[in-house]
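Chemist: Dropping in my_file_4.txt, with compact mmCIF, C-alpha atoms.
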```txt
# COMPACT_ATOMS: atom_id res chain seq x y z
CA MET A 21 121.12 40.50 -135.71
CA ASN A 22 118.34 41.04 -138.29
CA ASP A 23 114.68 41.67 -137.48
CA THR A 24 113.69 38.12 -138.31
CA ASN A 25 116.20 36.65 -135.91
CA GLN A 26 115.19 39.17 -133.25
CA GLY A 27 111.56 38.08 -133.62
CA GLN A 28 112.52 34.43 -133.32
CA PHE A 29 114.67 35.21 -130.28
CA LYS A 30 111.84 37.09 -128.60
CA ARG A 31 109.39 34.27 -129.25
CA SER A 32 111.67 31.48 -128.14
CA PRO A 33 110.84 31.67 -124.39
CA ARG A 34 107.17 31.36 -125.24
CA VAL A 35 107.88 28.41 -127.51
CA ALA A 36 110.01 26.79 -124.83
CA TRP A 37 107.28 27.30 -122.23
CA PHE A 38 104.67 25.89 -124.63
CA LEU A 39 106.75 22.81 -125.37
CA ALA A 40 107.52 22.27 -121.70
CA ALA A 41 103.84 22.47 -120.86
CA GLN A 42 102.78 19.82 -123.39
CA PRO A 43 103.47 16.78 -121.19
CA LEU A 44 101.49 18.39 -118.39
CA VAL A 45 98.60 19.14 -120.75
CA LEU A 46 98.60 15.63 -122.17
CA ALA A 47 98.82 14.11 -118.70
CA SER A 48 95.90 16.26 -117.57
CA LEU A 49 93.84 15.20 -120.56
CA ALA A 50 94.65 11.55 -119.91
CA CYS A 51 93.70 11.92 -116.25
CA ALA A 52 90.49 13.64 -117.26
CA ALA A 53 89.67 10.83 -119.68
CA VAL A 54 90.34 8.17 -117.05
CA TRP A 55 88.39 10.10 -114.44
CA GLY A 56 85.55 10.64 -116.89
CA SER A 57 85.51 6.92 -117.71
CA ARG A 58 85.45 6.04 -114.03
CA GLU A 59 82.67 8.52 -113.41
CA PHE A 60 80.66 7.08 -116.30
CA GLN A 61 81.21 3.54 -115.07
CA ARG A 62 80.10 4.58 -111.61
CA ASP A 63 76.87 5.97 -113.08
CA TRP A 64 76.49 3.25 -115.73
CA GLN A 65 73.02 1.78 -115.93
CA ILE A 66 72.65 -1.91 -116.68
CA PRO A 67 70.30 -2.30 -119.64
CA PRO A 68 66.99 -4.11 -119.07
CA LEU A 69 67.38 -7.87 -119.33
CA ARG A 70 64.97 -10.73 -119.91
CA GLU A 71 64.63 -13.11 -116.96
CA GLN A 72 64.48 -16.09 -119.32
CA PRO A 73 66.88 -16.20 -122.29
CA LEU A 74 65.45 -16.57 -125.76
CA ALA A 75 65.60 -20.01 -127.36
CA ILE A 76 66.40 -20.81 -130.99
CA ARG A 77 64.84 -24.12 -131.97
CA PRO A 78 65.87 -26.47 -134.80
CA LEU A 79 64.09 -26.16 -138.12
CA TYR A 80 64.35 -29.55 -139.81
CA ASN A 81 63.75 -33.28 -139.42
CA CYS A 82 65.81 -34.96 -142.13
CA PRO A 83 66.35 -38.74 -141.89
CA ASP A 84 68.41 -38.54 -145.10
CA VAL A 85 71.02 -36.53 -143.18
CA VAL A 86 71.23 -38.95 -140.24
CA SER A 87 69.16 -42.07 -139.56
CA ASP A 88 67.64 -43.01 -136.22
CA GLU A 89 70.22 -45.71 -135.58
CA GLN A 90 73.16 -43.54 -136.62
CA LEU A 91 71.97 -40.80 -134.30
CA ARG A 92 71.37 -43.21 -131.44
CA GLN A 93 74.88 -44.63 -131.65
CA ALA A 94 76.49 -41.21 -131.86
CA LEU A 95 74.53 -39.90 -128.86
CA LEU A 96 75.37 -42.88 -126.67
CA LYS A 97 79.09 -42.55 -127.43
CA LEU A 98 79.15 -38.87 -126.43
CA ARG A 99 77.43 -39.07 -123.04
CA PRO A 100 79.27 -36.78 -120.60
CA ARG A 101 81.81 -38.40 -118.31
CA LEU A 102 83.92 -36.66 -115.66
CA ALA A 103 87.57 -37.48 -114.93
CA GLY A 104 87.91 -36.08 -111.42
CA SER A 105 90.42 -33.26 -111.00
CA LYS A 106 91.72 -33.94 -114.52
CA THR A 107 88.39 -32.96 -116.08
CA LEU A 108 88.68 -30.08 -118.53
CA LEU A 109 86.28 -27.33 -117.56
CA ALA A 110 85.89 -26.76 -121.30
CA ASP A 111 84.44 -30.27 -121.53
CA ILE A 112 81.92 -29.43 -118.81
CA ASP A 113 80.93 -26.28 -120.70
CA HIS A 114 80.47 -28.21 -123.92
CA ALA A 115 78.72 -31.13 -122.24
CA LEU A 116 76.14 -28.82 -120.69
CA ARG A 117 75.58 -26.99 -123.97
CA CYS A 118 75.17 -30.30 -125.80
CA TRP A 119 73.01 -32.22 -123.33
CA GLY A 120 71.19 -29.46 -121.43
CA PRO A 121 70.28 -29.26 -117.72
CA ASP A 122 67.49 -31.84 -117.94
CA ALA A 123 69.69 -34.70 -119.15
CA ARG A 124 69.69 -37.77 -116.87
CA PHE A 125 71.53 -41.06 -117.38
CA ASP A 126 70.82 -44.31 -115.53
CA ASP A 127 74.50 -45.25 -115.56
CA PRO A 128 76.25 -43.31 -112.74
CA GLN A 129 79.48 -42.99 -114.74
CA PHE A 130 77.76 -40.29 -116.79
CA ALA A 131 77.13 -36.81 -115.35
CA SER A 132 73.60 -35.41 -115.38
CA GLY A 133 72.86 -32.04 -116.89
CA ALA A 134 71.97 -30.67 -113.46
CA ASP A 135 75.36 -31.79 -112.10
CA LEU A 136 77.16 -30.18 -115.02
CA ARG A 137 75.41 -26.85 -114.47
CA GLU A 138 76.16 -26.93 -110.74
CA LEU A 139 79.87 -27.45 -111.43
CA LEU A 140 79.83 -24.25 -113.50
CA THR A 141 77.81 -22.15 -111.06
CA ASP A 142 78.65 -23.38 -107.54
CA SER A 143 82.20 -23.04 -106.25
CA ARG A 144 81.49 -25.65 -103.57
CA GLU A 145 80.70 -28.29 -106.19
CA PHE A 146 83.72 -27.12 -108.18
CA ALA A 147 85.94 -27.69 -105.12
CA GLU A 148 84.51 -31.19 -104.69
CA LEU A 149 85.67 -32.09 -108.20
CA TYR A 150 88.96 -30.20 -108.47
CA GLY A 151 90.03 -30.06 -104.83
CA SER A 152 89.90 -27.23 -102.30
CA GLN A 153 93.44 -26.16 -103.22
CA GLU A 154 92.36 -25.23 -106.77
CA ARG A 155 91.42 -21.60 -107.34
CA PRO A 156 87.67 -21.32 -108.04
CA ALA A 157 86.63 -20.74 -111.63
CA LEU A 158 84.28 -17.94 -110.50
CA PHE A 159 85.25 -14.84 -108.55
CA ASP A 160 83.50 -11.68 -107.38
CA THR A 161 84.22 -8.19 -108.69
CA PRO A 162 82.65 -4.78 -107.90
CA PHE A 163 80.47 -5.22 -111.00
CA GLY A 164 79.35 -8.86 -110.73
CA VAL A 165 80.93 -12.28 -111.14
CA CYS A 166 83.82 -13.14 -113.48
CA CYS A 167 85.04 -16.45 -114.90
CA ARG A 168 88.73 -17.23 -114.98
CA VAL A 169 89.82 -17.73 -118.60
CA LYS A 170 92.71 -19.77 -120.04
CA GLU A 171 94.45 -20.32 -116.70
CA GLY A 172 94.59 -24.10 -116.83
CA ILE A 173 92.27 -27.09 -117.19
CA SER A 174 89.92 -25.88 -114.43
CA THR A 175 89.12 -22.59 -116.19
CA THR A 176 86.95 -21.70 -119.15
CA SER A 177 88.54 -21.82 -122.60
CA HIS A 178 87.21 -18.55 -124.03
CA THR A 179 85.88 -15.18 -122.90
CA ASP A 180 82.22 -15.56 -121.85
CA HIS A 181 82.14 -19.19 -123.03
CA THR A 182 80.63 -20.50 -119.78
CA LEU A 183 78.23 -17.57 -119.77
CA ALA A 184 76.95 -18.36 -123.27
CA CYS A 185 76.64 -22.09 -122.58
CA LEU A 186 74.46 -21.34 -119.56
CA ALA A 187 72.34 -18.96 -121.64
CA GLU A 188 71.89 -21.38 -124.53
CA VAL A 189 70.50 -24.10 -122.24
CA GLY A 190 67.88 -21.71 -120.85
CA THR A 191 69.38 -20.66 -117.52
CA PRO A 192 67.29 -17.83 -116.04
CA LEU A 193 68.90 -14.75 -114.52
CA SER A 194 67.64 -15.73 -111.07
CA PHE A 195 69.42 -19.11 -111.16
CA PRO A 196 71.53 -19.52 -107.98
CA VAL A 197 75.28 -18.99 -108.28
CA PHE A 198 77.71 -19.44 -105.41
CA THR A 199 81.20 -17.89 -105.37
CA THR A 200 82.28 -17.18 -101.80
CA ARG A 201 78.73 -15.99 -101.25
CA PRO A 202 75.29 -16.68 -102.70
CA THR A 203 74.39 -14.65 -105.78
CA THR A 204 72.70 -15.33 -109.14
CA TYR A 205 73.48 -15.85 -112.81
CA ARG A 206 72.43 -12.23 -113.36
CA ALA A 207 75.72 -11.17 -111.74
CA MET A 208 77.64 -13.07 -114.45
CA VAL A 209 75.63 -11.51 -117.29
CA GLU A 210 75.98 -8.02 -115.81
CA GLN A 211 79.74 -8.51 -115.51
CA ALA A 212 79.96 -9.43 -119.19
CA LEU A 213 77.96 -6.36 -120.17
CA HIS A 214 80.23 -4.20 -118.05
CA ASP A 215 83.47 -5.64 -119.47
CA PHE A 216 82.55 -5.85 -123.15
CA ASN A 217 84.08 -3.63 -125.79
CA LEU A 218 84.16 -4.02 -129.57
CA SER A 219 87.96 -4.31 -129.63
CA GLN A 220 88.24 -7.40 -127.45
CA ILE A 221 89.86 -10.38 -129.17
CA GLU A 222 87.15 -12.95 -128.43
CA TYR A 223 83.65 -11.61 -128.84
CA GLU A 224 81.66 -14.55 -130.24
CA TRP A 225 80.12 -15.75 -126.96
CA SER A 226 79.50 -12.27 -125.54
CA ALA A 227 77.62 -11.33 -128.71
CA LYS A 228 75.53 -14.50 -128.51
CA THR A 229 74.66 -14.05 -124.83
CA PHE A 230 73.57 -10.44 -125.29
CA ALA A 231 71.29 -11.49 -128.16
CA LEU A 232 69.55 -14.01 -125.90
CA PHE A 233 68.95 -11.61 -122.99
CA LEU A 234 68.59 -8.06 -124.35
CA PRO A 235 65.86 -8.11 -127.04
CA PRO A 236 63.49 -6.46 -127.72
CA ALA A 237 66.02 -3.72 -126.87
CA THR A 238 68.47 -3.33 -129.76
CA ARG A 239 70.73 -0.54 -128.41
CA TRP A 240 72.45 -0.06 -125.06
CA GLN A 241 75.35 1.80 -123.45
CA SER A 242 78.62 0.14 -122.57
CA ALA A 243 80.31 0.92 -119.26
CA GLU A 244 82.82 3.00 -121.26
CA GLY A 245 80.07 5.17 -122.69
CA GLN A 246 79.87 3.63 -126.17
CA THR A 247 76.48 3.05 -127.76
CA LEU A 248 76.28 -0.58 -128.78
CA SER A 249 73.76 -2.37 -130.97
CA PHE A 250 73.27 -5.73 -132.60
CA ASP A 251 74.14 -4.07 -135.92
CA LEU A 252 77.51 -3.08 -134.45
CA LEU A 253 78.10 -6.56 -133.02
CA ALA A 254 77.21 -8.18 -136.34
CA ASP A 255 79.61 -5.81 -138.10
CA ARG A 256 82.33 -6.82 -135.62
CA ILE A 257 81.69 -10.50 -136.34
CA MET A 258 82.06 -9.92 -140.09
CA ARG A 259 85.02 -7.54 -139.87
CA GLU A 260 87.84 -10.07 -140.13
CA GLU A 261 88.63 -12.29 -143.07
CA LEU A 262 87.67 -15.93 -142.72
CA PRO A 263 88.88 -18.29 -141.28
CA ARG A 264 90.11 -15.94 -138.55
CA GLY A 265 88.36 -16.37 -135.22
CA VAL A 266 87.91 -19.20 -132.77
CA CYS A 267 87.50 -22.67 -134.31
CA TYR A 268 88.63 -21.39 -137.70
CA GLY A 269 85.91 -18.75 -137.83
CA THR A 270 83.00 -21.20 -137.62
CA HIS A 271 81.58 -19.67 -134.43
CA ARG A 272 81.15 -16.48 -136.40
CA LEU A 273 78.91 -18.28 -138.89
CA TYR A 274 76.76 -19.77 -136.13
CA GLY A 275 76.50 -16.43 -134.31
CA LEU A 276 75.37 -14.62 -137.43
CA VAL A 277 72.70 -17.17 -138.28
CA ALA A 278 71.48 -16.93 -134.67
CA TYR A 279 71.13 -13.17 -135.17
CA LEU A 280 69.06 -13.75 -138.32
CA ARG A 281 66.81 -16.24 -136.52
CA LEU A 282 66.22 -13.83 -133.63
CA ASP A 283 65.63 -10.98 -136.07
CA ASP A 284 62.82 -12.97 -137.69
CA LYS A 285 60.80 -12.55 -134.48
CA LEU A 286 62.16 -9.51 -132.67
CA HIS A 287 63.71 -7.32 -135.41
CA ILE A 288 67.03 -6.77 -133.70
CA LEU A 289 68.81 -5.82 -136.96
CA SER A 290 68.39 -3.06 -139.49
CA PRO A 291 67.31 -4.21 -142.99
CA GLY A 292 70.70 -3.24 -144.40
CA MET A 293 72.60 -5.25 -141.81
CA ARG A 294 70.36 -8.25 -142.32
CA GLU A 295 71.17 -8.13 -146.04
CA ARG A 296 74.91 -7.87 -145.30
CA ILE A 297 74.79 -10.91 -143.01
CA GLY A 298 72.96 -12.92 -145.63
CA GLN A 299 75.57 -12.05 -148.24
CA PHE A 300 78.41 -12.87 -145.84
CA LEU A 301 76.95 -16.31 -145.12
CA LYS A 302 76.24 -16.99 -148.79
CA ASP A 303 79.87 -16.23 -149.56
CA ALA A 304 80.98 -18.60 -146.78
CA ASN A 305 78.66 -21.28 -148.19
CA MET A 306 80.15 -20.91 -151.67
CA ARG A 307 83.61 -21.50 -150.23
CA LEU A 308 82.44 -24.48 -148.19
CA VAL A 309 80.77 -26.11 -151.19
CA ALA A 310 83.82 -25.52 -153.38
CA ASN A 311 86.33 -26.77 -150.81
CA GLN A 312 84.64 -29.84 -149.32
CA HIS A 313 86.79 -32.95 -149.57
CA THR A 314 85.20 -35.82 -151.47
CA GLY A 315 85.08 -37.64 -148.13
CA GLY A 316 82.68 -35.01 -146.78
CA PHE A 317 84.92 -32.99 -144.44
CA TRP A 318 86.84 -29.71 -144.29
CA ASN A 319 89.96 -28.57 -142.48
CA GLY A 320 91.20 -25.23 -141.14
CA ASP A 321 91.87 -23.92 -144.65
CA TRP A 322 88.22 -24.28 -145.65
CA PRO A 323 87.75 -20.79 -147.18
CA PHE A 324 90.59 -21.31 -149.66
CA ALA A 325 91.23 -24.97 -150.52
CA PRO A 326 89.98 -28.51 -149.86
CA PRO A 327 92.08 -30.89 -147.75
CA ALA A 328 94.79 -32.46 -149.87
CA GLY A 329 94.34 -36.02 -148.63
CA SER A 330 91.91 -38.40 -146.98
CA GLU A 331 94.10 -38.99 -143.92
CA PRO A 332 94.80 -36.24 -141.37
CA THR A 333 98.33 -34.86 -141.21
CA PRO A 334 100.39 -33.12 -138.50
CA ALA A 335 100.09 -29.82 -140.39
CA VAL A 336 98.37 -27.08 -138.40
CA GLY A 337 94.70 -27.01 -139.36
CA ASP A 338 94.79 -30.45 -140.98
CA GLU A 339 94.97 -32.59 -137.84
CA LEU A 340 92.02 -34.85 -137.05
CA HIS A 341 90.73 -32.52 -134.36
CA ALA A 342 90.82 -29.57 -136.80
CA ARG A 343 88.77 -31.55 -139.32
CA ILE A 344 86.28 -32.47 -136.58
CA ILE A 345 86.07 -28.84 -135.43
CA VAL A 346 85.29 -27.38 -138.83
CA THR A 347 83.00 -30.13 -140.10
CA GLY A 348 81.00 -30.41 -136.86
CA HIS A 349 80.61 -26.66 -136.45
CA VAL A 350 79.58 -26.15 -140.07
CA LEU A 351 76.99 -28.93 -139.84
CA GLU A 352 75.64 -27.30 -136.67
CA TYR A 353 75.50 -23.87 -138.33
CA TRP A 354 73.55 -25.24 -141.29
CA ALA A 355 71.14 -27.08 -138.98
CA MET A 356 70.00 -23.69 -137.65
CA ALA A 357 70.11 -21.80 -140.95
CA PRO A 358 66.94 -21.00 -142.94
CA LYS A 359 66.40 -22.74 -146.27
CA LYS A 360 67.70 -19.84 -148.34
CA LEU A 361 71.07 -20.22 -146.62
CA GLN A 362 71.33 -23.98 -147.16
CA PRO A 363 73.91 -25.54 -149.50
CA PRO A 364 72.96 -28.42 -151.84
CA ARG A 365 71.65 -31.28 -149.70
CA LYS A 366 74.39 -33.64 -150.89
CA VAL A 367 76.96 -31.38 -149.20
CA VAL A 368 75.13 -31.65 -145.86
CA VAL A 369 74.64 -35.40 -146.19
CA ALA A 370 78.31 -35.99 -147.02
CA SER A 371 79.46 -33.99 -143.98
CA ALA A 372 77.02 -35.81 -141.68
CA ASN A 373 78.17 -39.19 -143.01
CA TRP A 374 81.80 -38.28 -142.29
CA ILE A 375 80.91 -37.27 -138.72
CA VAL A 376 79.00 -40.53 -138.18
CA ARG A 377 81.89 -42.63 -139.54
CA THR A 378 84.41 -40.74 -137.42
CA ILE A 379 82.44 -41.25 -134.21
CA GLU A 380 81.87 -44.92 -135.04
CA THR A 381 85.56 -45.67 -135.66
CA LEU A 382 87.32 -43.56 -133.04
CA PRO A 383 88.46 -45.50 -129.95
CA ASP A 384 87.03 -44.38 -126.64
CA LYS A 385 90.26 -42.63 -125.63
CA GLU A 386 90.15 -40.48 -128.77
CA LEU A 387 86.45 -39.76 -128.30
CA ARG A 388 87.19 -38.41 -124.81
CA LYS A 389 90.19 -36.45 -126.06
CA ASN A 390 88.04 -34.76 -128.70
CA PHE A 391 84.86 -34.54 -126.62
CA SER A 392 84.42 -30.76 -126.78
CA PHE A 393 84.81 -30.70 -130.56
CA LEU A 394 82.61 -33.74 -131.12
CA SER A 395 79.87 -32.29 -128.91
CA HIS A 396 79.17 -29.73 -131.65
CA ALA A 397 79.00 -32.53 -134.22
CA VAL A 398 76.63 -34.69 -132.14
CA ARG A 399 74.42 -31.71 -131.39
CA ALA A 400 74.38 -30.95 -135.11
CA LEU A 401 73.17 -34.47 -135.93
CA SER A 402 70.39 -34.10 -133.36
CA LEU A 403 69.36 -30.69 -134.66
CA TRP A 404 69.01 -32.14 -138.16
CA ARG A 405 66.37 -34.48 -136.69
CA GLY A 406 64.54 -31.61 -134.99
CA PHE A 407 65.75 -32.12 -131.41
CA GLU A 408 68.39 -31.14 -128.90
CA PRO A 409 70.52 -34.20 -127.99
CA PHE A 410 68.73 -35.34 -124.81
CA GLU A 411 65.37 -34.81 -126.48
CA ALA A 412 66.62 -36.91 -129.39
CA LEU A 413 67.73 -39.71 -127.07
CA GLN A 414 64.28 -39.72 -125.50
CA SER A 415 62.50 -39.56 -128.86
CA LEU A 416 64.40 -42.63 -130.05
CA GLY A 417 62.84 -44.57 -127.21
CA CYS A 418 66.15 -45.89 -125.88
CA SER A 419 67.15 -46.10 -122.26
CA ALA A 420 69.73 -43.58 -121.08
CA ALA A 421 71.70 -46.58 -119.80
CA ASP A 422 71.86 -48.34 -123.18
CA THR A 423 75.30 -49.22 -124.47
```
Mind turning this structure into structure tokens?

Modeler:
Amino acid sequence: MNDTNQGQFKRSPRVAWFLAAQPLVLASLACAAVWGSREFQRDWQIPPLREQPLAIRPLYNCPDVVSDEQLRQALLKLRPRLAGSKTLLADIDHALRCWGPDARFDDPQFASGADLRELLTDSREFAELYGSQERPALFDTPFGVCCRVKEGISTTSHTDHTLACLAEVGTPLSFPVFTTRPTTYRAMVEQALHDFNLSQIEYEWSAKTFALFLPPATRWQSAEGQTLSFDLLADRIMREELPRGVCYGTHRLYGLVAYLRLDDKLHILSPGMRERIGQFLKDANMRLVANQHTGGFWNGDWPFAPPAGSEPTPAVGDELHARIIVTGHVLEYWAMAPKKLQPPRKVVVASANWIVRTIETLPDKELRKNFSFLSHAVRALSLWRGFEPFEALQSLGCSAADT
């Protein structure tokens, strides 16, 4: 046996011991990481929150986009109607976001805004609609109150979707919430802050909610110990290629323009990030202008090509509901965007005209089937006249019971 082999032989027990110890070392490190995370979460401090969420008001009043009569007809067709235990909770979310908590209709077949908000925040009202055998949409956790997501028609459709809808209609943190016990909307917001991380699949509504409750603070700690900021959230929104994201990426456009609008007053973004957002939205606008169908609409392939035909097809992203989703959401995004992020007016007018024609010609059954998607479109039409939908209905001087 040569010296080299002797040295290897002498070292081999040490090597064997070292290799054998690796799983124990790795397991110890993993346990330490988990324990450290748990310890941090136990000591985690909820960032300061505003009692009243910020509001982002419409910027324009453009009769050339939608006339008084066109708006009136569209609003009356999209009044919120419940369907008992078959009601989609997603429709309740969207109806509240569209009409707001102050909406009241003389005809009892339409739900008031107050009733809609109670269905989302009071498990007793929820049980009255869906039946006591249905699991409540809200449940308690050690860190607050959670919403069940994507577990059937009586659950919310996206992570923090209900949360964001409540925030957008001005729900204060002290608003009463009832699970199996009385609590407040604050518990829902705190839960979202606790659960959020930048790697979660759906982030659009979390990012929007935080922007309405956290400023003037621009940085905070997550429960996992990560420093978060609105710059980081904006970067997350822009990270993926369009049209990836919920509703073919259009919620990302709306969220980014909301960040710019809030930054105008409270400076929640760094100058560099603000410039990046502007460039991202300008690029999206260029694609939208280039790929609008001559009929005024887009489909799910909007960043790359216009729809091939005037009539919807069964192809994924080219169905009628996909065309409604993209066109309505884009029109809503532009209604909140500053002038420097507006496309040529003819592009806006064409998209609004397509929405108006679609709402006018769809039978009632199809209107109800597409209610959630159309709620964005109807809200967009109202925003282009300077109002939220119920405000618009009142401004038009028509009775809430008109047909």

Chemist: Give me, as an MDAnalysis selection string, all polymer residues having an atom no more than 12 Å from Lys389 of chain A, counting all atoms listed in the file and skipping those fewer than 5 positions away in the same chain.

Modeler: chainID A and resid 98 101 103 106:108 110:111 340:341 344 382:384 394:395

Chemist: Which is closest to Thr229 of chain A among A:Asp303, A:Ile112, A:Arg70, A:Val350, if we use only C-alpha atoms?

Modeler: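 Closest to Thr229 of chain A of all the choices is A:Arg70.
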
Chemist: Distance atom CA of Pro358 of chain A-atom CA of Tyr80 of chain A, one decimal place?

Modeler: 9.5 Å

Chemist: For Leu79 of chain A, list every protein, DNA or RNA residue within 9 Å, evaluated using all atoms listed in the file, and leave out those in the same chain fewer than 2 positions away; present the list as a list in words.

Modeler: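 Skipping anything fewer than 2 positions along the chain leaves Arg77, Asn81, Ala355, Met356, Ala357, Pro358, Leu403, Trp404, Arg405 and Gly406 of chain A.
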
Chemist: Name the closest residue to Ser371 of chain A among the candidates A:Pro332, A:Gly245, A:Gly315, A:Gly417; distances are taken between atoms, counting all atoms listed in the file.

Modeler: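 Looking only at the distances to Ser371 of chain A, the closest residue turns out to be A:Gly315.
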
Chemist: Between atom CA of Ala131 of chain A and atom CA of Trp119 of chain A, what is the spacing in Å?

Modeler: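 Between atom CA of Trp119 of chain A and atom CA of Ala131 of chain A the gap works out to 10.1 Å.
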
Chemist: Using Å and a single decimal, report how far atom CA of His181 of chain A sits from atom CA of Trp225 of chain A.

Modeler: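 Straight-line distance from atom CA of Trp225 of chain A to atom CA of His181 of chain A works out to 5.6 Å.
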
Chemist: Just the residues within 12 Å of segment 87-90 of chain A, please, counting all atoms listed in the file, with nothing from its chain fewer than 2 positions along; format it as a CSV table (one decimal) with C-alpha atoms, in the frame of the given file.

Modeler:
```csv
chain,number,residue,atom,x,y,z
A,81,ASN,CA,63.8,-33.3,-139.4
A,82,CYS,CA,65.8,-35.0,-142.1
A,83,PRO,CA,66.4,-38.7,-141.9
A,84,ASP,CA,68.4,-38.5,-145.1
A,85,VAL,CA,71.0,-36.5,-143.2
A,92,ARG,CA,71.4,-43.2,-131.4
A,93,GLN,CA,74.9,-44.6,-131.6
A,94,ALA,CA,76.5,-41.2,-131.9
A,95,LEU,CA,74.5,-39.9,-128.9
A,96,LEU,CA,75.4,-42.9,-126.7
A,97,LYS,CA,79.1,-42.6,-127.4
A,369,VAL,CA,74.6,-35.4,-146.2
A,372,ALA,CA,77.0,-35.8,-141.7
A,373,ASN,CA,78.2,-39.2,-143.0
A,374,TRP,CA,81.8,-38.3,-142.3
A,375,ILE,CA,80.9,-37.3,-138.7
A,376,VAL,CA,79.0,-40.5,-138.2
A,377,ARG,CA,81.9,-42.6,-139.5
A,378,THR,CA,84.4,-40.7,-137.4
A,379,ILE,CA,82.4,-41.2,-134.2
A,380,GLU,CA,81.9,-44.9,-135.0
A,398,VAL,CA,76.6,-34.7,-132.1
A,401,LEU,CA,73.2,-34.5,-135.9
A,402,SER,CA,70.4,-34.1,-133.4
A,404,TRP,CA,69.0,-32.1,-138.2
A,405,ARG,CA,66.4,-34.5,-136.7
A,406,GLY,CA,64.5,-31.6,-135.0
A,412,ALA,CA,66.6,-36.9,-129.4
A,413,LEU,CA,67.7,-39.7,-127.1
A,414,GLN,CA,64.3,-39.7,-125.5
A,415,SER,CA,62.5,-39.6,-128.9
A,416,LEU,CA,64.4,-42.6,-130.0
A,417,GLY,CA,62.8,-44.6,-127.2
A,418,CYS,CA,66.2,-45.9,-125.9
```

Chemist: With all atoms listed in the file as the basis for distance, which of A:Pro121, A:Pro68, A:Pro263, A:Pro235 is at the shortest distance from Cys185 of chain A?

Modeler: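 Of the candidates, the smallest distance to Cys185 of chain A is held by A:Pro121.
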
Chemist: Tell me which of A:Gln362, A:Phe130, A:Ala187, A:Gly104 sits closest to Arg117 of chain A, counting only C-alpha atoms.

Modeler: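 Nearest candidate to Arg117 of chain A out of A:Gln362, A:Phe130, A:Ala187, A:Gly104: A:Ala187.
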
Chemist: Kindly indicate which residue among A:Arg296, A:Gln211, A:Leu91, A:Ala237 lies nearest to Ala397 of chain A, using only C-alpha atoms for the distances.

Modeler: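 Closest residue, counting only C-alpha atoms: A:Leu91.
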
Chemist: Fewer than 4 positions away in the same chain doesn't count, so skip those; otherwise give me all residues within 12 Å of Glu71 of chain A, counting all atoms listed in the file, as a ChimeraX atom specification.

Modeler: /A:187,190-195,204-206,209,232-235

Chemist: Just give me the residues with any atom within 6 Å of (69.5, -9.4, -139.7), file coordinates, counting all atoms listed in the file, written as a PyMOL selection string.

Modeler: chain A and resi 280+283+289+293-294

Chemist: Would you mind writing segment 84-95 of chain A with N, CA and C atoms, as a PDB file, keeping the file's coordinate frame?

Modeler:
```pdb
ATOM      1  N   ASP A  84      67.385 -38.313-144.079  1.00  0.00           N
ATOM      2  CA  ASP A  84      68.410 -38.540-145.100  1.00  0.00           C
ATOM      3  C   ASP A  84      69.774 -37.994-144.664  1.00  0.00           C
ATOM      4  N   VAL A  85      69.768 -37.063-143.701  1.00  0.00           N
ATOM      5  CA  VAL A  85      71.020 -36.530-143.180  1.00  0.00           C
ATOM      6  C   VAL A  85      71.610 -37.488-142.150  1.00  0.00           C
ATOM      7  N   VAL A  86      70.776 -37.985-141.243  1.00  0.00           N
ATOM      8  CA  VAL A  86      71.230 -38.950-140.240  1.00  0.00           C
ATOM      9  C   VAL A  86      70.048 -39.830-139.863  1.00  0.00           C
ATOM     10  N   SER A  87      70.237 -41.130-139.878  1.00  0.00           N
ATOM     11  CA  SER A  87      69.160 -42.070-139.560  1.00  0.00           C
ATOM     12  C   SER A  87      68.986 -42.185-138.057  1.00  0.00           C
ATOM     13  N   ASP A  88      67.881 -42.796-137.645  1.00  0.00           N
ATOM     14  CA  ASP A  88      67.640 -43.010-136.220  1.00  0.00           C
ATOM     15  C   ASP A  88      68.782 -43.791-135.570  1.00  0.00           C
ATOM     16  N   GLU A  89      69.195 -44.873-136.193  1.00  0.00           N
ATOM     17  CA  GLU A  89      70.220 -45.710-135.580  1.00  0.00           C
ATOM     18  C   GLU A  89      71.579 -45.007-135.562  1.00  0.00           C
ATOM     19  N   GLN A  90      71.912 -44.296-136.623  1.00  0.00           N
ATOM     20  CA  GLN A  90      73.160 -43.540-136.620  1.00  0.00           C
ATOM     21  C   GLN A  90      73.177 -42.505-135.506  1.00  0.00           C
ATOM     22  N   LEU A  91      72.057 -41.814-135.343  1.00  0.00           N
ATOM     23  CA  LEU A  91      71.970 -40.800-134.300  1.00  0.00           C
ATOM     24  C   LEU A  91      72.048 -41.427-132.917  1.00  0.00           C
ATOM     25  N   ARG A  92      71.359 -42.528-132.734  1.00  0.00           N
ATOM     26  CA  ARG A  92      71.370 -43.210-131.440  1.00  0.00           C
ATOM     27  C   ARG A  92      72.787 -43.601-131.037  1.00  0.00           C
ATOM     28  N   GLN A  93      73.516 -44.200-131.949  1.00  0.00           N
ATOM     29  CA  GLN A  93      74.880 -44.630-131.650  1.00  0.00           C
ATOM     30  C   GLN A  93      75.792 -43.451-131.337  1.00  0.00           C
ATOM     31  N   ALA A  94      75.647 -42.385-132.093  1.00  0.00           N
ATOM     32  CA  ALA A  94      76.490 -41.210-131.860  1.00  0.00           C
ATOM     33  C   ALA A  94      76.193 -40.580-130.497  1.00  0.00           C
ATOM     34  N   LEU A  95      74.912 -40.488-130.145  1.00  0.00           N
ATOM     35  CA  LEU A  95      74.530 -39.900-128.860  1.00  0.00           C
ATOM     36  C   LEU A  95      75.071 -40.727-127.687  1.00  0.00           C
TER      37      LEU A  95
END
```
